[in-house]
Structure formats: C-alpha cells, structure tokens
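Asks: The structure's right below; bear with me while I get my questions together.
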Amino acid sequence: MSRTERLIRAALILVLTCASAWGVWNLVVAKPAVANNTPPVSTSTTPAATPVKRADSEDETVVPVETVDGPYTRKDDCWTFLLVGMDRGGGNTDSLMLVTYDVAAQKVSVGSIARDMRVDVNRKLKKINAAYALNGGIDGLMEEVSMTFGVPIDYYFRVNINGFVRLVNAVDGIDFNVPCYMNYDDPEQNLSIHYSKGMRHLNGQQALEVCRFRQNNDGTGYGDGGRQQTQRAVLTAVVKKALSHPEKISEYAQIAAENLDTNLPLNNLVWFAMQATSFDTANLNTMSFPCDWHNPYMYLNPSETLDMVNEYFNPYVLPRTMEQLDIVSR
C-alpha cells in the first residue's frame with residue numbers, strides 16, 4: 001500500500017470513528033424538546049379562545065389569542081416540569097411543585113401548589129390533588145396545572161417516597177433547622193413524627209417525616225402552607241448536598257432509575273444532568289403560589305399569581321396575561 005493510500009485509509013478511519021462517536025453521543029446525550037402545544041383551555045367555564053386586542057390595532061377589532069403573533073414563542077433553553085409526590089395510597093398527589101429550569105441563565109424556580117387549590121373543572125371534587133385520580137392520571141394532572149397557570153408542562157417527575165429516603169441517605173443525611181415542635185401520631189398510616197425545634201442532622205426517614213408534618217396531635221402546627229415551605233427547604237438542602245458530591249452521580253442515577261417515573265427520555269435526562277454540573281444553588285428560587293383558604297378550597301390570588309408566573313415560571317418570550325391563566329376566584 002502506497003503512502004497516499006495509507007493516508008486516505010487513515011483519514012477514512014478517522015471520519016468513520018468520529019461519525020460513530022457522534023452517533024453514540026446523540027444516543028446517550030441529547031438536548032430535550034419542548035411541549036409542542038399551547039396550554040389547554042378549561043371546558044368548564046372558560047371560552048375556547050379568549051379574545052384579545054392587537055397591540056398595533058387602531059380599531060377595536062379583537063382576534064383569538066392563537067392568531068396573535070408571538071404569544072407562544074418559547075425562550076431559548078428554558079423548560080418546565082411538574083414534580084409530583086404521591087401519597088401512600090397512590091390515589092391523590094401528596095405534593096405538587098411547578099418547576100422552571102432556565103438553562104441559558106442557569107436559574108431554577110420551584111413553586112409549591114396547594115393540594116386543595118380550586119381548579120376550573122366539571123367534576124364534583126375540584127381540588128387539584130384529585131386530578132390524578134379523577135382525570136386520567138399524570139396526563140390529566142399536567143393538563144390542569146398547565147391550564148391554571150397558563151404555561152406548558154414539558155415533562156413530569158413522579159417521585160416514589162422510598163426514592164426520596166434513599167437519596168437523602170446517599171448524601172449521608174442533611175443538617176436541617178426543624179421549624180417547630182412536632183408531635184404527631186397516625187396509627188392508620190404507621191406514622192409517628194416527634195422532633196424538637198432547632199438544628200439537627202436528619203437521615204432519609206427522618207427528613208421524610210419532617211416533610212410530611214402539618215399539625216400536632218393537639219391541632220397546633222403550621223398547616224399545609226408551612227409544610228410546603230418545609231418541603232422546599234428540605235429539597236434545597238438535599239440538592240445542595242447532592243451537588244457537592246458529584247462523585248456519587250452513579251449512585252444517584254441508580255436511585256432515580258428505581259424510584260423515579262418520568263416522561264423525560266434517558267438521553268435528555270443525561271443532558272440536563274450535564275447542564276446542572278455548573279448550577280449555583282444561589283440561583284435556586286423557591287416559593288408557594290399565593291392562596292387564601294375558604295372552606296373547602298384554597299383559592300389563588302389572581303394578580304399575585306400572574307406576577308409570580310411572569311417573573312419565575314413563564315417559558316415564553318412574551319409575558320402571560322390574566323386572560324391566559326385560568327384562575328378560579330371567589
């Protein structure tokens with residue numbers, strides 16, 4: 001074989017090797033897609049298309065929101081998620097969080113959704129945590145959250161309680177400031193929560209118990225709003241601890257594979273994991289969507305919710321308007 005032929009052969013081998021490596025890379029790691037539809041519209045009381053006026057119109061002509069230029073143009077590299085924690089019976093959702101990850105800005109926002117939040121639906125029980133059981137499982141739940149807050153849900157993460165316990169144990173527990181005295185027993189759920197207020201080290205089971213607490217046996221405590229705040233604080237502590245030990249990534253992956261249900265493909269999940277290696281937890285924003293209790297429901301505050309959506313959770317280029325959210329108010 002001549003020298004020229006050997007060079008050509010070597011070049012072909014290099015090209016084929018690079019092409020193969022690129023193909024494998026795209027199988028293992030791929031940038032995720034985004035939801036290819038607009039948020040759903042309630043069939044209960046909301047019109048199928050809310051009319052809005054064009055900003056550049058000189059008359060009073062209104063057109064359906066779907067035909068207005070640009071209202072559903074997505075930001076670059078910005079995704080939305082629904083984080084779901086199931087109750088032990090598996091029928092209702094015990095905790096719900098709307099999450100937006102702006103990869104371009106490396107910012108994550110987490111908003112707790114009240115379990116008793118009133119939603120615009122036809123069924124008798126109109127609480128959001130009943131959507132899973134009464135509206136077709138995770139797809140129906142995503143639809144109702146998307147409809148309420150006027151943003152698409154790209155992916156969901158449904159978390160098994162055992163997976164949370166294992167993850168906390170995998171990071172060797174967390175140091176956490178228990179916000180109040182906790183003294184609660186529920187024999188039917190085999191649940192006993194007994195902690196003093198103050199800083200302590202929690203293992204996985206202890207962290208789960210602190211997250212589940214709402215009130216003491218005598219009725220004192222902080223209710224669902226306080227529980228949401230505690231859950232977000234525990235989640236933040238776990239994320240910080242996990243990111244500080246990247247050498248345990250294979251253990252985290254195994255726990256996720258065995259205890260996490262998601263519609264996010266594995267190659268997309270790996271892509272997000274790679275982006276998160278440069279994430280600074282100082283850019284993690286946690287909050288609760290503002291609600292007022294009027295028995296038997298929690299009602300969102302419309303103006304405060306809209307402001308919160310636009311500041312933290314809107315994946316679109318243009319701000320959401322009140323007409324694009326479906327908030328039930330008293």
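Lettering and numbering for the structure tokens are positional, with chains as A, B, ... in the shown order, residues counted from 1 in each chain, and ligands counted from 1 in the shown order.
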Based on the backbone DSSP call, show me all residues of range 127-259 of chain A assigned strand (DSSP E), as a PyMOL selection string.
Replies: chain A and resi 155-159+174-178+182-186+191-195+198-202
Asks: Select from range 214-252 of chain A every residue with an atom at most 10 Å from any atom of range 90-110 of chain A, then for each give the shortest pair of atoms and their distance in Å to one decimal, using only C-alpha atoms, rows by chain and rising number, as CSV.
Replies:
residue,atom,partner,partner_atom,distance
A:Asp224,CA,A:Ser95,CA,9.9
A:Arg227,CA,A:Ser95,CA,9.6
A:Gln228,CA,A:Ser95,CA,8.0
A:Gln231,CA,A:Ser95,CA,8.8
A:Arg232,CA,A:Val110,CA,7.9
A:Thr236,CA,A:Val110,CA,9.9
Asks: Given the choices A:Ser42, A:Thr73, A:Asn177, A:Thr230, which gets closest to Ser288 in chain A if the distance is worked out from only C-alpha atoms?
Replies: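 The shortest atom-to-atom distance to Ser288 in chain A comes from A:Thr230.
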Asks: Looking at A:Glu323, A:Gln189, A:Gly70, A:Asn36, which one is nearest to Ile153 in chain A, with distances taken over only C-alpha atoms?
Replies: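 Once distances to Ile153 in chain A are computed over only C-alpha atoms, the minimum belongs to A:Asn36.
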Asks: Write out as number ranges by chain each polymer residue whose atoms come within 9 Å of Asn217 in chain A, counting only C-alpha atoms; drop sequence neighbours fewer than 5 positions from it.
Replies: A: 182-186
Asks: Please produce a file of the residues just selected, as a short mmCIF file (atom, residue, chain, number, x, y, z; two decimals), in the first residue's frame, where the atoms kept are all heavy atoms.
Replies:
data_model
loop_
_atom_site.label_atom_id
_atom_site.label_comp_id
_atom_site.auth_asym_id
_atom_site.auth_seq_id
_atom_site.Cartn_x
_atom_site.Cartn_y
_atom_site.Cartn_z
N MET A 182 -42.66 19.20 66.84
CA MET A 182 -43.50 18.28 66.09
C MET A 182 -43.85 17.07 66.94
O MET A 182 -42.95 16.34 67.40
CB MET A 182 -42.79 17.82 64.80
CG MET A 182 -42.47 18.93 63.83
SD MET A 182 -41.64 18.34 62.32
CE MET A 182 -41.51 19.85 61.37
N ASN A 183 -45.14 16.85 67.12
CA ASN A 183 -45.62 15.73 67.93
C ASN A 183 -46.91 15.22 67.32
O ASN A 183 -48.01 15.69 67.65
CB ASN A 183 -45.84 16.18 69.38
CG ASN A 183 -46.32 15.03 70.25
OD1 ASN A 183 -45.94 13.88 70.06
ND2 ASN A 183 -47.20 15.34 71.20
N TYR A 184 -46.79 14.25 66.41
CA TYR A 184 -47.95 13.78 65.67
C TYR A 184 -47.89 12.26 65.51
O TYR A 184 -46.83 11.69 65.23
CB TYR A 184 -48.01 14.43 64.29
CG TYR A 184 -49.18 13.95 63.44
CD1 TYR A 184 -50.46 14.42 63.68
CD2 TYR A 184 -48.98 13.04 62.41
CE1 TYR A 184 -51.55 13.99 62.91
CE2 TYR A 184 -50.05 12.61 61.63
CZ TYR A 184 -51.33 13.08 61.89
OH TYR A 184 -52.38 12.64 61.14
N ASP A 185 -49.05 11.61 65.68
CA ASP A 185 -49.15 10.16 65.51
C ASP A 185 -50.38 9.82 64.69
O ASP A 185 -51.46 10.37 64.92
CB ASP A 185 -49.25 9.47 66.88
CG ASP A 185 -48.03 9.71 67.75
OD1 ASP A 185 -47.01 9.04 67.52
OD2 ASP A 185 -48.11 10.58 68.65
N ASP A 186 -50.20 8.92 63.71
CA ASP A 186 -51.31 8.43 62.90
C ASP A 186 -51.13 6.92 62.75
O ASP A 186 -50.44 6.45 61.85
CB ASP A 186 -51.31 9.11 61.53
CG ASP A 186 -52.52 8.72 60.69
OD1 ASP A 186 -53.21 7.75 61.05
OD2 ASP A 186 -52.78 9.38 59.67
#
Asks: In Å, how far is it from CA of Cys291 in chain A to CA of Asp120 in chain A?
Replies: 15.2 Å
Asks: Using only C-alpha atoms, pick whichever of A:Asp116, A:Asp154, A:Asp280, A:Asp218 has the shortest atom-to-atom distance to Leu83 in chain A.
Replies: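 The shortest atom-to-atom distance to Leu83 in chain A comes from A:Asp154.
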Asks: Quick one: pull the distance between CA of Asn129 in chain A and CA of Pro39 in chain A, Å, one decimal.
Replies: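 Taking CA of Asn129 in chain A and CA of Pro39 in chain A, their separation equals 19.0 Å.
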Asks: DSSP on the backbone, then: every residue of range 44-235 of chain A marked alpha helix (DSSP H), written as number ranges by chain.
Replies: A: 131-134, 138-149, 161-170, 204-212, 223-235
